[in-house]
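**Student:** Compact mmCIF, C-alpha atoms, saved as final21.txt, coming up:
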# COMPACT_ATOMS: atom_id res chain seq x y z
CA MET A 199 56.22 101.94 118.60
CA SER A 200 55.07 98.58 117.31
CA ASP A 201 57.68 95.99 116.43
CA ASN A 202 55.92 95.42 113.11
CA ALA A 203 54.81 97.40 110.08
CA THR A 204 51.45 96.69 108.46
CA LEU A 205 51.07 96.75 104.70
CA GLU A 206 47.70 96.60 102.96
CA ILE A 207 47.45 95.34 99.35
CA ASN A 208 44.11 94.79 97.62
CA GLY A 209 42.28 94.61 100.91
CA LYS A 210 44.68 92.12 102.50
CA THR A 211 47.01 93.11 105.32
CA TYR A 212 50.48 91.78 105.94
CA GLU A 213 52.83 92.36 108.83
CA PHE A 214 56.59 92.72 108.53
CA PRO A 215 59.10 93.11 111.36
CA LEU A 216 60.94 96.34 112.07
CA ILE A 217 64.69 96.37 112.54
CA THR A 218 66.22 99.12 114.70
CA GLY A 219 69.93 99.92 114.43
CA THR A 220 72.19 101.03 117.26
CA GLU A 221 71.71 104.67 116.19
CA ASN A 222 67.90 104.17 116.22
CA GLU A 223 67.56 103.93 112.45
CA VAL A 224 64.40 101.96 111.68
CA ALA A 225 63.96 99.70 108.66
CA ILE A 226 61.12 97.43 107.53
CA ASP A 227 62.34 93.88 106.96
CA PHE A 228 60.77 92.98 103.61
CA LYS A 229 62.75 89.83 102.84
CA THR A 230 59.58 87.67 102.96
CA LEU A 231 57.46 90.16 100.96
CA ARG A 232 57.25 88.20 97.69
CA THR A 233 56.55 84.91 99.41
CA ALA A 234 53.92 86.34 101.75
CA THR A 235 52.08 88.34 99.08
CA GLY A 236 52.37 85.94 96.16
CA GLY A 237 54.84 87.97 94.12
CA VAL A 238 54.55 91.63 95.12
CA THR A 239 57.87 93.50 95.20
CA THR A 240 58.98 97.02 96.04
CA ILE A 241 60.50 99.40 93.50
CA ASP A 242 63.07 101.96 94.58
CA PRO A 243 65.24 103.29 91.71
CA GLY A 244 68.76 103.86 92.94
CA PHE A 245 67.87 102.08 96.21
CA LYS A 246 67.55 105.48 97.93
CA ASN A 247 65.16 104.08 100.53
CA THR A 248 66.33 100.47 100.60
CA GLY A 249 68.85 98.99 103.00
CA SER A 250 70.87 96.27 101.29
CA CYS A 251 72.57 95.06 104.45
CA GLN A 252 73.17 95.53 108.14
CA SER A 253 76.65 96.91 108.74
CA ALA A 254 78.79 97.78 111.76
CA ILE A 255 81.40 99.80 109.87
CA THR A 256 80.23 103.35 109.14
CA PHE A 257 77.40 105.52 110.45
CA LEU A 258 76.26 108.52 108.43
CA ASP A 259 73.53 111.03 109.28
CA GLY A 260 73.14 113.41 106.35
CA GLU A 261 70.68 115.72 108.12
CA LYS A 262 73.00 116.31 111.09
CA GLY A 263 76.25 116.17 109.12
CA THR A 264 77.56 113.21 111.14
CA LEU A 265 80.12 110.67 109.93
CA ARG A 266 81.62 107.98 112.17
CA TYR A 267 83.89 105.00 111.51
CA ARG A 268 83.24 102.17 113.99
CA GLY A 269 81.74 104.74 116.40
CA TYR A 270 84.56 107.29 116.18
CA ASP A 271 83.75 110.78 114.89
CA ILE A 272 85.52 111.61 111.64
CA GLU A 273 86.72 114.87 113.20
CA ASP A 274 88.60 112.99 115.94
CA LEU A 275 90.10 110.47 113.55
CA ALA A 276 91.30 113.13 111.10
CA GLU A 277 92.89 115.14 113.91
CA LYS A 278 94.33 112.39 116.12
CA ALA A 279 94.96 109.29 113.97
CA ASN A 280 96.90 108.54 110.82
CA PHE A 281 95.57 106.76 107.75
CA LEU A 282 97.07 103.38 108.62
CA GLU A 283 95.43 103.47 112.07
CA VAL A 284 92.08 104.26 110.45
CA ALA A 285 92.55 101.48 107.89
CA TYR A 286 93.17 99.00 110.73
CA LEU A 287 90.10 100.31 112.58
CA LEU A 288 87.83 99.89 109.56
CA ILE A 289 89.05 96.42 108.63
CA PHE A 290 89.50 94.86 112.07
CA GLY A 291 86.98 96.80 114.16
CA GLU A 292 89.22 98.47 116.75
CA LEU A 293 91.99 101.06 116.78
CA PRO A 294 95.35 99.29 116.92
CA THR A 295 97.75 99.29 119.84
CA SER A 296 101.27 100.54 119.14
CA GLU A 297 102.45 96.95 118.72
CA GLN A 298 99.57 96.02 116.43
CA LEU A 299 100.15 99.09 114.26
CA GLU A 300 103.88 98.44 114.05
CA ASN A 301 103.30 94.81 113.03
CA PHE A 302 100.58 95.82 110.55
CA HIS A 303 102.89 98.28 108.85
CA ALA A 304 105.80 95.81 108.85
CA ASP A 305 103.62 93.11 107.29
CA ILE A 306 102.33 95.54 104.65
CA LYS A 307 105.89 96.51 103.72
CA GLU A 308 106.77 92.83 103.44
CA GLN A 309 103.99 92.43 100.85
CA SER A 310 104.63 95.64 98.89
CA PHE A 311 106.50 93.96 96.04
CA VAL A 312 104.49 93.68 92.81
CA ASP A 313 105.46 90.96 90.35
CA ASP A 314 107.62 92.44 87.59
CA ASP A 315 105.32 90.97 84.94
CA VAL A 316 102.67 93.50 86.04
CA LYS A 317 104.93 96.14 84.49
CA LYS A 318 104.44 94.42 81.13
CA ILE A 319 100.67 94.81 81.49
CA LEU A 320 101.13 98.49 82.34
CA ASP A 321 103.44 98.95 79.36
CA SER A 322 100.67 97.75 77.05
CA PHE A 323 98.53 100.81 77.87
CA PRO A 324 99.03 104.00 75.87
CA LYS A 325 99.87 107.11 77.89
CA SER A 326 96.46 108.46 76.87
CA ALA A 327 94.64 105.69 78.79
CA HIS A 328 92.59 107.00 81.71
CA PRO A 329 94.37 106.13 84.99
CA MET A 330 91.18 104.70 86.52
CA GLY A 331 90.87 102.18 83.70
CA VAL A 332 94.54 101.30 84.14
CA LEU A 333 94.19 100.90 87.91
CA SER A 334 91.10 98.72 87.59
CA CYS A 335 92.85 96.42 85.13
CA LEU A 336 96.05 96.17 87.19
CA THR A 337 94.07 95.40 90.35
CA SER A 338 92.15 92.66 88.58
CA ALA A 339 95.43 91.34 87.12
CA LEU A 340 96.77 90.75 90.65
CA THR A 341 94.45 87.74 90.75
CA ALA A 342 96.68 85.99 88.20
CA PHE A 343 99.68 86.41 90.48
CA ASN A 344 97.77 85.53 93.66
CA PRO A 345 95.32 82.85 92.48
CA SER A 346 94.49 81.23 95.82
CA THR A 347 91.08 82.00 97.32
CA VAL A 348 90.71 83.57 100.75
CA ASN A 349 89.04 81.57 103.50
CA VAL A 350 87.07 84.39 105.13
CA GLU A 351 86.54 82.28 108.26
CA SER A 352 90.30 82.22 108.86
CA GLU A 353 91.60 85.30 110.69
CA GLU A 354 95.10 84.52 109.46
CA GLU A 355 94.08 84.28 105.79
CA MET A 356 91.99 87.44 105.96
CA TYR A 357 94.84 89.30 107.63
CA ASN A 358 97.33 88.07 105.03
CA ALA A 359 94.99 89.05 102.18
CA THR A 360 94.57 92.49 103.75
CA VAL A 361 98.26 93.29 104.18
CA LYS A 362 98.96 91.98 100.69
CA ILE A 363 96.57 94.34 98.92
CA MET A 364 97.39 97.24 101.30
CA GLY A 365 101.03 96.74 100.29
CA LYS A 366 100.58 96.34 96.56
CA PHE A 367 97.81 98.84 95.83
CA PRO A 368 99.90 101.98 96.52
CA VAL A 369 102.53 100.65 94.11
CA LEU A 370 99.87 100.29 91.41
CA VAL A 371 98.65 103.85 92.14
CA ALA A 372 102.18 105.25 91.94
CA TRP A 373 102.96 103.32 88.76
CA THR A 374 99.73 104.55 87.18
CA MET A 375 100.71 108.15 87.90
CA ARG A 376 104.32 107.67 86.78
CA LYS A 377 103.11 106.12 83.53
CA LYS A 378 100.94 109.21 83.05
CA THR A 379 103.75 111.66 83.81
CA GLY A 380 106.48 109.78 81.94
CA LEU A 381 108.58 108.92 85.00
CA PRO A 382 110.31 105.51 85.33
CA LEU A 383 108.56 102.97 87.53
CA ASN A 384 109.94 102.55 91.03
CA TYR A 385 109.40 100.83 94.35
CA GLY A 386 108.99 102.34 97.75
CA ASP A 387 111.26 102.94 100.68
CA THR A 388 110.58 100.61 103.62
CA SER A 389 112.13 103.11 106.04
CA LEU A 390 109.22 105.51 105.52
CA GLY A 391 105.71 105.68 106.91
CA TYR A 392 102.83 104.37 104.80
CA VAL A 393 101.67 107.70 103.35
CA GLU A 394 105.23 109.10 103.21
CA ASN A 395 106.19 106.14 101.07
CA ILE A 396 103.22 106.69 98.75
CA MET A 397 104.27 110.29 98.15
CA LYS A 398 107.87 109.32 97.46
CA MET A 399 106.79 106.63 94.99
CA MET A 400 104.59 109.15 93.19
CA TYR A 401 106.94 112.12 93.03
CA GLU A 402 110.55 110.88 93.19
CA LYS A 403 112.60 111.80 90.14
CA PRO A 404 115.61 109.76 89.01
CA ASN A 405 117.93 112.77 88.76
CA GLU A 406 117.35 114.46 92.11
CA GLU A 407 116.97 113.65 95.79
CA TYR A 408 113.39 113.47 97.02
CA THR A 409 112.47 115.86 99.86
CA GLN A 410 109.29 115.34 101.88
CA ASN A 411 106.91 118.27 102.44
CA ASN A 412 105.17 117.72 105.78
CA ILE A 413 102.25 120.04 105.00
CA LEU A 414 101.46 118.09 101.82
CA LEU A 415 101.96 114.85 103.71
CA ASN A 416 99.47 115.94 106.39
CA ALA A 417 96.94 117.03 103.76
CA LEU A 418 97.17 113.74 101.87
CA ASP A 419 96.92 111.72 105.08
CA LYS A 420 93.73 113.59 106.02
CA LEU A 421 92.27 113.20 102.53
CA LEU A 422 92.83 109.45 102.63
CA ILE A 423 91.16 109.23 106.05
CA LEU A 424 88.16 111.27 104.90
CA HIS A 425 87.72 109.06 101.83
CA ALA A 426 88.30 105.75 103.64
CA ASP A 427 84.62 104.75 103.85
CA HIS A 428 81.21 106.31 103.33
CA GLU A 429 78.53 103.71 104.05
CA GLN A 430 76.70 101.97 101.15
CA ASN A 431 77.61 104.27 98.28
CA CYS A 432 77.78 103.19 94.62
CA SER A 433 81.31 101.72 94.64
CA THR A 434 81.00 100.10 98.07
CA SER A 435 77.69 98.52 97.12
CA THR A 436 79.38 97.28 93.94
CA VAL A 437 82.20 95.67 95.93
CA ARG A 438 79.66 93.92 98.16
CA MET A 439 77.46 92.93 95.20
CA VAL A 440 80.35 91.40 93.24
CA GLY A 441 81.72 89.76 96.37
CA SER A 442 78.31 88.27 97.14
CA SER A 443 78.83 85.91 94.18
CA HIS A 444 81.98 84.75 96.05
CA ALA A 445 84.17 86.50 93.50
CA GLY A 446 87.63 87.11 94.95
CA LEU A 447 88.81 90.22 96.75
CA TYR A 448 90.85 91.59 93.82
CA ALA A 449 87.99 91.13 91.35
CA SER A 450 85.58 92.82 93.74
CA LEU A 451 87.97 95.73 94.32
CA SER A 452 88.48 96.12 90.57
CA ALA A 453 84.72 96.40 90.13
CA GLY A 454 84.58 99.00 92.89
CA ILE A 455 87.25 101.06 91.13
CA SER A 456 85.19 101.04 87.94
CA ALA A 457 82.08 102.16 89.86
CA LEU A 458 84.07 104.94 91.55
CA TRP A 459 85.24 106.20 88.15
CA GLY A 460 81.93 107.89 87.27
CA PRO A 461 81.58 111.69 87.50
CA LEU A 462 78.56 111.34 89.81
CA HIS A 463 80.71 109.43 92.31
CA GLY A 464 84.50 109.47 92.72
CA GLY A 465 85.02 111.32 89.47
CA ALA A 466 83.33 114.39 90.96
CA ASN A 467 86.64 115.95 92.02
CA GLN A 468 87.90 115.65 88.43
CA ALA A 469 84.64 117.22 87.25
CA VAL A 470 85.25 120.15 89.63
CA LEU A 471 88.61 120.96 88.02
CA GLU A 472 87.19 120.56 84.52
CA MET A 473 84.46 123.06 85.47
CA LEU A 474 87.06 125.49 86.81
CA GLU A 475 89.05 125.18 83.60
CA ASP A 476 85.91 125.98 81.60
CA ILE A 477 85.25 129.06 83.74
CA LYS A 478 88.86 130.18 83.25
CA ALA A 479 88.56 129.72 79.47
CA ASP A 480 85.45 131.93 79.54
CA GLY A 481 87.23 134.78 81.27
CA GLY A 482 87.17 133.64 84.91
CA ASP A 483 84.12 135.66 85.99
CA THR A 484 82.94 133.80 89.12
CA ALA A 485 79.97 136.11 89.68
CA LYS A 486 78.68 135.23 86.22
CA TYR A 487 78.81 131.52 86.95
CA MET A 488 77.27 131.84 90.40
CA ALA A 489 74.36 133.62 88.69
CA LYS A 490 74.15 130.83 86.12
CA ALA A 491 74.07 128.27 88.94
CA LYS A 492 71.05 130.06 90.46
CA ASP A 493 69.21 130.26 87.14
CA LYS A 494 66.97 127.19 86.87
CA SER A 495 66.67 127.65 83.12
CA ASP A 496 70.46 127.48 82.67
CA ASN A 497 72.07 124.10 81.97
CA PHE A 498 75.22 125.01 83.92
CA ARG A 499 75.82 122.84 86.98
CA LEU A 500 78.05 123.99 89.81
CA MET A 501 80.21 120.96 90.56
CA GLY A 502 81.56 120.34 94.06
CA PHE A 503 78.76 122.08 95.95
CA GLY A 504 76.12 120.33 98.03
CA HIS A 505 75.85 116.58 98.52
CA ARG A 506 73.14 114.04 97.76
CA VAL A 507 73.46 112.58 101.28
CA TYR A 508 74.45 115.52 103.46
CA ARG A 509 71.65 118.06 103.92
CA ASN A 510 73.98 120.25 105.92
CA PHE A 511 77.69 121.01 105.67
CA ASP A 512 79.71 117.96 104.62
CA PRO A 513 81.75 117.24 107.81
CA ARG A 514 84.68 116.10 105.68
CA ALA A 515 84.71 119.45 103.84
CA LYS A 516 85.10 121.37 107.11
CA ILE A 517 88.23 119.36 107.90
CA ILE A 518 89.85 119.43 104.49
CA LYS A 519 89.20 123.14 103.89
CA VAL A 520 91.76 123.88 106.62
CA ALA A 521 94.27 121.57 104.95
CA ALA A 522 93.58 123.18 101.56
CA ASP A 523 94.28 126.64 102.99
CA GLU A 524 97.54 125.37 104.52
CA VAL A 525 98.66 123.75 101.27
CA LEU A 526 97.96 126.85 99.17
CA ALA A 527 99.73 129.09 101.70
CA ASP A 528 102.77 126.80 101.92
CA LEU A 529 103.21 126.26 98.20
CA GLY A 530 102.46 129.84 97.27
CA VAL A 531 100.90 128.57 94.07
CA GLU A 532 99.97 131.19 91.51
CA ASP A 533 97.27 129.52 89.50
CA PRO A 534 94.23 131.30 88.02
CA VAL A 535 92.21 128.08 88.27
CA LEU A 536 92.80 127.90 92.02
CA ASP A 537 91.99 131.60 92.32
CA ILE A 538 88.65 130.89 90.64
CA ALA A 539 88.05 128.03 93.08
CA LYS A 540 88.72 130.27 96.07
CA GLY A 541 86.41 132.90 94.59
CA LEU A 542 83.56 130.44 94.11
CA SER A 543 84.01 129.07 97.63
CA ALA A 544 83.96 132.53 99.21
CA GLU A 545 80.85 133.57 97.28
CA ALA A 546 78.95 130.38 98.09
CA LEU A 547 79.74 130.66 101.80
CA SER A 548 78.38 134.22 101.90
CA ASP A 549 75.51 134.10 99.38
CA PRO A 550 72.05 133.63 101.04
CA TYR A 551 70.88 131.58 98.04
CA PHE A 552 73.53 128.91 98.67
CA ILE A 553 73.39 129.18 102.47
CA ASP A 554 69.60 128.74 102.58
CA ARG A 555 69.84 125.69 100.32
CA LYS A 556 72.88 124.37 102.18
CA LEU A 557 74.87 124.24 98.95
CA TYR A 558 78.25 124.41 100.62
CA PRO A 559 81.56 123.35 99.02
CA ASN A 560 81.95 119.61 99.59
CA VAL A 561 84.94 117.32 100.02
CA ASP A 562 85.28 116.85 96.25
CA PHE A 563 85.69 120.59 95.79
CA TYR A 564 88.51 120.92 98.31
CA SER A 565 90.22 117.65 97.39
CA GLY A 566 90.39 118.80 93.78
CA ILE A 567 92.03 122.06 94.90
CA ILE A 568 94.63 120.19 96.98
CA TYR A 569 95.47 117.68 94.26
CA ARG A 570 95.77 120.49 91.71
CA ALA A 571 98.15 122.39 93.99
CA MET A 572 100.19 119.21 94.57
CA GLY A 573 100.72 118.83 90.84
CA ILE A 574 98.69 115.65 90.49
CA PRO A 575 97.20 115.30 86.97
CA VAL A 576 93.44 115.93 86.89
CA ASP A 577 92.57 112.43 85.66
CA MET A 578 94.55 110.98 88.60
CA PHE A 579 92.25 112.61 91.16
CA THR A 580 89.84 109.67 91.27
CA VAL A 581 92.76 107.25 91.58
CA MET A 582 93.73 109.09 94.77
CA PHE A 583 90.13 108.68 95.95
CA ALA A 584 90.42 104.93 95.33
CA LEU A 585 93.64 104.82 97.35
CA GLY A 586 91.79 106.26 100.33
CA ARG A 587 88.70 104.10 99.86
CA LEU A 588 90.70 100.83 99.74
CA PRO A 589 90.42 99.94 103.47
CA GLY A 590 86.70 100.68 103.45
CA TRP A 591 86.16 98.37 100.49
CA ILE A 592 88.20 95.63 102.19
CA ALA A 593 86.20 96.03 105.40
CA GLN A 594 82.87 95.94 103.56
CA TRP A 595 83.88 92.88 101.51
CA LYS A 596 85.08 91.09 104.64
CA GLU A 597 81.91 91.93 106.59
CA MET A 598 79.63 90.83 103.74
CA ARG A 599 81.38 87.47 103.38
CA GLN A 600 81.65 86.77 107.10
CA ARG A 601 77.96 87.58 107.61
CA LYS A 602 77.22 85.05 104.85
CA GLU A 603 75.02 87.49 103.00
CA PRO A 604 73.14 86.00 100.03
CA ILE A 605 74.09 86.77 96.47
CA GLY A 606 72.79 90.16 95.37
CA ARG A 607 69.82 89.80 93.06
CA PRO A 608 67.51 92.85 92.82
CA ARG A 609 64.02 92.44 91.37
CA GLN A 610 62.38 94.55 88.67
CA VAL A 611 58.97 95.64 87.43
CA TYR A 612 58.73 94.57 83.79
CA ILE A 613 57.33 97.27 81.44
CA GLY A 614 58.04 95.66 78.05
CA GLU A 615 55.84 93.98 75.46
CA ASN A 616 53.42 91.22 76.43
CA GLN A 617 53.77 87.78 74.86
CA ARG A 618 53.95 88.02 71.08
CA GLU A 619 53.71 85.50 68.25
CA PHE A 620 56.95 84.97 66.36
CA LYS A 621 56.78 85.82 62.65
CA LYS A 622 59.13 84.41 60.07
CA ILE A 623 61.42 86.96 58.49
CA LEU A 624 59.50 87.11 55.17
CA LYS A 625 56.30 88.09 57.01
CA ARG A 626 57.78 90.90 59.11
The structure given in the file should be rewritten as structure tokens.
**Tutor:**
Amino acid sequence: MSDNATLEINGKTYEFPLITGTENEVAIDFKTLRTATGGVTTIDPGFKNTGSCQSAITFLDGEKGTLRYRGYDIEDLAEKANFLEVAYLLIFGELPTSEQLENFHADIKEQSFVDDDVKKILDSFPKSAHPMGVLSCLTSALTAFNPSTVNVESEEEMYNATVKIMGKFPVLVAWTMRKKTGLPLNYGDTSLGYVENIMKMMYEKPNEEYTQNNILLNALDKLLILHADHEQNCSTSTVRMVGSSHAGLYASLSAGISALWGPLHGGANQAVLEMLEDIKADGGDTAKYMAKAKDKSDNFRLMGFGHRVYRNFDPRAKIIKVAADEVLADLGVEDPVLDIAKGLSAEALSDPYFIDRKLYPNVDFYSGIIYRAMGIPVDMFTVMFALGRLPGWIAQWKEMRQRKEPIGRPRQVYIGENQREFKKILKR
């Protein structure tokens, strides 16, 4: 194959270099296109065919159902590593040694205190405020309490910035949930593991001793690993775009949280439960709704099935389905909504219509089931997604800054009015 691509415009030909990634992905390097052609640009709504960067963090092959972090298969990481190990891998490039992991966790715990004035900001929100809006605001507010900029060329400063946000973010997540559920705000327990501590902060009640459930702990740990990064999706691209202006880490993360909020992205697991509630309210007939999903003239959309990137089974869904089954069996939850979810899943996995179109239950479907069974409020589901995605966002922000990527500035094709003469108001 040639090392260049040839483009012909109005009888003139131009050559542009090809870039080949380590997994043999090929991209045309168009960064000189406008200069070479005198102003021609490409247009690609949603950037579905446009690479915004070169990255060494996550590899995703939607056709083959492959997902790897720093070269490690997601299946191996979910089975053999814990979330903190995966976070270290994403941010620093290698799996930690025992000593590195111990120091990383100790340093995170040292930075897990959130200034008490942040509670005043949280108090100003009504209980009806959506937790994602609250989390975004609290994350941005951390800038006021940590105003110094991060020198991305300094390993020490980047490490300190990382452990600081890895320590404080779970507190903000727990406080957001406790505000929602009416529980008093608390701090963690430094004797616990990272995910254990998160669960205690979320669930501990002031009038009873907290007891850890290892099956729930394992399920949450796996969910956080599966959500930790996913290549250049909407929220990750947002973090990199905002960071490209040299905005700080907290501001960039806050923007990523807002991007994740949408129902077409991180809010999909909330949308799954809202759909299940609607089906329940209509009598709970899963066969009826599977028929509606197959009817092209019907406006009903089956949430949590299929994926815009994966053209085969979502590899994360295979892993988390096992955890979902374990959670439901352990808790013995009697919930008609979860019964509807299990019914839809079983029908989709056996119906030729869905099998032929590869419309399998995805990670959002199963994560919603787990969070529901764990008693997490529906509008907190996306907050839990953000908790898992935090190390990926940090890694992407760090990579973008250290590679000295230029400020993001997409082009457009203008389709508005041509130049017009201004008329005074009495003549309009």
**Student:** Would you pick out the contacts of Gly446 of chain A at 9 Å or less, using only C-alpha atoms, so that residues sharing its chain but fewer than 4 positions from it are not included, and give the list as a list of chain:residue names?
**Tutor:**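 That gives A:Thr341, A:Thr347, A:Val348, A:Val440, A:Gly441, A:Ser450, A:Leu451.
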**Student:** Given the choices A:Leu422, A:Ile568, A:Ala279, A:Leu258, which gets closest to Met582 of chain A if the distance is worked out from all atoms listed in the file?
**Tutor:** A:Leu422
**Student:** Can you measure atom CA of Lys556 of chain A to atom CA of Phe511 of chain A for me? One decimal in Å is fine.
**Tutor:**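 Computing the Euclidean distance for atom CA of Lys556 of chain A and atom CA of Phe511 of chain A yields 6.8 Å.
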**Student:** Using only C-alpha atoms, find each residue of segment 535-618 of chain A with at least one atom at most 10 Å away from an atom of segment 479-493 of chain A; report its shortest atom-to-atom pair and that distance in Å (one decimal), sort the rows by chain and rising residue number, and return the result as CSV.
**Tutor:**
residue,atom,partner,partner_atom,distance
A:Val535,CA,A:Gly482,CA,8.2
A:Asp537,CA,A:Gly482,CA,9.1
A:Ile538,CA,A:Gly482,CA,6.5
A:Ala539,CA,A:Thr484,CA,8.7
A:Lys540,CA,A:Thr484,CA,9.7
A:Gly541,CA,A:Thr484,CA,6.5
A:Leu542,CA,A:Thr484,CA,6.0
A:Ser543,CA,A:Thr484,CA,9.8
A:Glu545,CA,A:Met488,CA,7.9
A:Ala546,CA,A:Met488,CA,8.0
A:Asp549,CA,A:Met488,CA,9.4
A:Tyr551,CA,A:Lys492,CA,7.7
A:Phe552,CA,A:Lys492,CA,8.7
**Student:** Kindly export the residues of the current selection with C-alpha atoms, as an mmCIF file, in the frame of the given file.
**Tutor:**
data_model
loop_
_atom_site.group_PDB
_atom_site.id
_atom_site.type_symbol
_atom_site.label_atom_id
_atom_site.label_comp_id
_atom_site.auth_asym_id
_atom_site.auth_seq_id
_atom_site.Cartn_x
_atom_site.Cartn_y
_atom_site.Cartn_z
ATOM 1 C CA VAL A 535 92.210 128.080 88.270
ATOM 2 C CA ASP A 537 91.990 131.600 92.320
ATOM 3 C CA ILE A 538 88.650 130.890 90.640
ATOM 4 C CA ALA A 539 88.050 128.030 93.080
ATOM 5 C CA LYS A 540 88.720 130.270 96.070
ATOM 6 C CA GLY A 541 86.410 132.900 94.590
ATOM 7 C CA LEU A 542 83.560 130.440 94.110
ATOM 8 C CA SER A 543 84.010 129.070 97.630
ATOM 9 C CA GLU A 545 80.850 133.570 97.280
ATOM 10 C CA ALA A 546 78.950 130.380 98.090
ATOM 11 C CA ASP A 549 75.510 134.100 99.380
ATOM 12 C CA TYR A 551 70.880 131.580 98.040
ATOM 13 C CA PHE A 552 73.530 128.910 98.670
#
**Student:** My list of candidates is A:Asp476, A:Asp562, A:Glu213, A:Glu406. Which is closest to Lys516 of chain A when distances are computed with only C-alpha atoms?
**Tutor:**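 Closest to Lys516 of chain A of all the choices is A:Asp562.
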**Student:** Compare A:Lys325, A:Gly586, A:Ala203, A:Val561 by their minimum atom-to-atom distance to Ala515 of chain A, counting only C-alpha atoms, and give me the closest one.
**Tutor:** A:Val561
**Student:** Mind giving me the straight-line distance from atom CA of Ser338 of chain A to atom CA of Ala449 of chain A in Å, one decimal?
**Tutor:**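 Calculated distance between atom CA of Ser338 of chain A and atom CA of Ala449 of chain A is 5.2 Å.
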**Student:** Need the neighbours of (100.6, 121.1, 90.2): which residues are at most 12 Å away, counting all atoms listed in the file, as an MDAnalysis selection string?
**Tutor:** chainID A and resid 379 401 525:526 529:533 535:536 566:576 578:579
**Student:** Would you kindly identify which residues have an atom no farther than 12 Å from (97.1, 85.2, 102.7), using all atoms listed in the file and the file's own coordinates, and write them out as a PDB file with C-alpha atoms, keeping the file's coordinate frame?
**Tutor:**
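File point.pdb, as written:
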ATOM      1  CA  ASP A 305     103.620  93.110 107.290  1.00  0.00           C
ATOM      2  CA  ILE A 306     102.330  95.540 104.650  1.00  0.00           C
ATOM      3  CA  GLN A 309     103.990  92.430 100.850  1.00  0.00           C
ATOM      4  CA  ASN A 344      97.770  85.530  93.660  1.00  0.00           C
ATOM      5  CA  PRO A 345      95.320  82.850  92.480  1.00  0.00           C
ATOM      6  CA  SER A 346      94.490  81.230  95.820  1.00  0.00           C
ATOM      7  CA  THR A 347      91.080  82.000  97.320  1.00  0.00           C
ATOM      8  CA  VAL A 348      90.710  83.570 100.750  1.00  0.00           C
ATOM      9  CA  ASN A 349      89.040  81.570 103.500  1.00  0.00           C
ATOM     10  CA  VAL A 350      87.070  84.390 105.130  1.00  0.00           C
ATOM     11  CA  SER A 352      90.300  82.220 108.860  1.00  0.00           C
ATOM     12  CA  GLU A 353      91.600  85.300 110.690  1.00  0.00           C
ATOM     13  CA  GLU A 354      95.100  84.520 109.460  1.00  0.00           C
ATOM     14  CA  GLU A 355      94.080  84.280 105.790  1.00  0.00           C
ATOM     15  CA  MET A 356      91.990  87.440 105.960  1.00  0.00           C
ATOM     16  CA  TYR A 357      94.840  89.300 107.630  1.00  0.00           C
ATOM     17  CA  ASN A 358      97.330  88.070 105.030  1.00  0.00           C
ATOM     18  CA  ALA A 359      94.990  89.050 102.180  1.00  0.00           C
ATOM     19  CA  THR A 360      94.570  92.490 103.750  1.00  0.00           C
ATOM     20  CA  VAL A 361      98.260  93.290 104.180  1.00  0.00           C
ATOM     21  CA  LYS A 362      98.960  91.980 100.690  1.00  0.00           C
ATOM     22  CA  ILE A 363      96.570  94.340  98.920  1.00  0.00           C
ATOM     23  CA  LEU A 447      88.810  90.220  96.750  1.00  0.00           C
TER      24      LEU A 447
END
**Student:** Hey, can you check how far atom CA of Glu524 of chain A sits from atom CA of Asn412 of chain A?
**Tutor:** 10.9 Å
**Student:** Using only C-alpha atoms, can you tell me which of A:Leu424, A:Leu458, A:Pro243, A:Phe311 comes closest to Tyr385 of chain A?
**Tutor:**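 Closest candidate: A:Phe311.
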**Student:** Write out as a PyMOL selection string which residues come within 9 Å of Phe281 of chain A when counting all atoms listed in the file, dropping same-chain ones fewer than 5 positions away.
**Tutor:** chain A and resi 275-276+286+392-393+419-423+426+586
**Student:** Between A:Leu293, A:Tyr564, A:Glu597, A:Gly465, which is the closest to Asp523 of chain A once you count only C-alpha atoms?
**Tutor:**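 Answer, going by the shortest atom-to-atom distance: A:Tyr564.
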**Student:** Identify which of the residues A:Asp274, A:Glu472, A:Glu603, A:Asp528 lies closest to Ile413 of chain A, counting only C-alpha atoms when measuring atom-to-atom distances.
**Tutor:**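 Among the listed residues, the smallest separation from Ile413 of chain A belongs to A:Asp528.
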**Student:** Within 12 Å of Val224 of chain A, counting all atoms listed in the file, which residues qualify if same-chain residues fewer than 2 places away don't, as a ChimeraX atom specification?
**Tutor:** /A:199-203,215-222,226-227,247-249,252
**Student:** Skip Val312 of chain A itself and residues of its chain fewer than 4 positions away, then list as a PyMOL selection string all residues within 10 Å of it, counting all atoms listed in the file.
**Tutor:** chain A and resi 316-317+340+343+362+365-367+369-370+385
**Student:** Could you please take those selected residues and save C-alpha atoms as a PDB file, in the coordinates of the input?
**Tutor:**
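selection03.pdb was written with the following content:
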ATOM      1  CA  VAL A 316     102.670  93.500  86.040  1.00  0.00           C
ATOM      2  CA  LYS A 317     104.930  96.140  84.490  1.00  0.00           C
ATOM      3  CA  LEU A 340      96.770  90.750  90.650  1.00  0.00           C
ATOM      4  CA  PHE A 343      99.680  86.410  90.480  1.00  0.00           C
ATOM      5  CA  LYS A 362      98.960  91.980 100.690  1.00  0.00           C
ATOM      6  CA  GLY A 365     101.030  96.740 100.290  1.00  0.00           C
ATOM      7  CA  LYS A 366     100.580  96.340  96.560  1.00  0.00           C
ATOM      8  CA  PHE A 367      97.810  98.840  95.830  1.00  0.00           C
ATOM      9  CA  VAL A 369     102.530 100.650  94.110  1.00  0.00           C
ATOM     10  CA  LEU A 370      99.870 100.290  91.410  1.00  0.00           C
ATOM     11  CA  TYR A 385     109.400 100.830  94.350  1.00  0.00           C
TER      12      TYR A 385
END
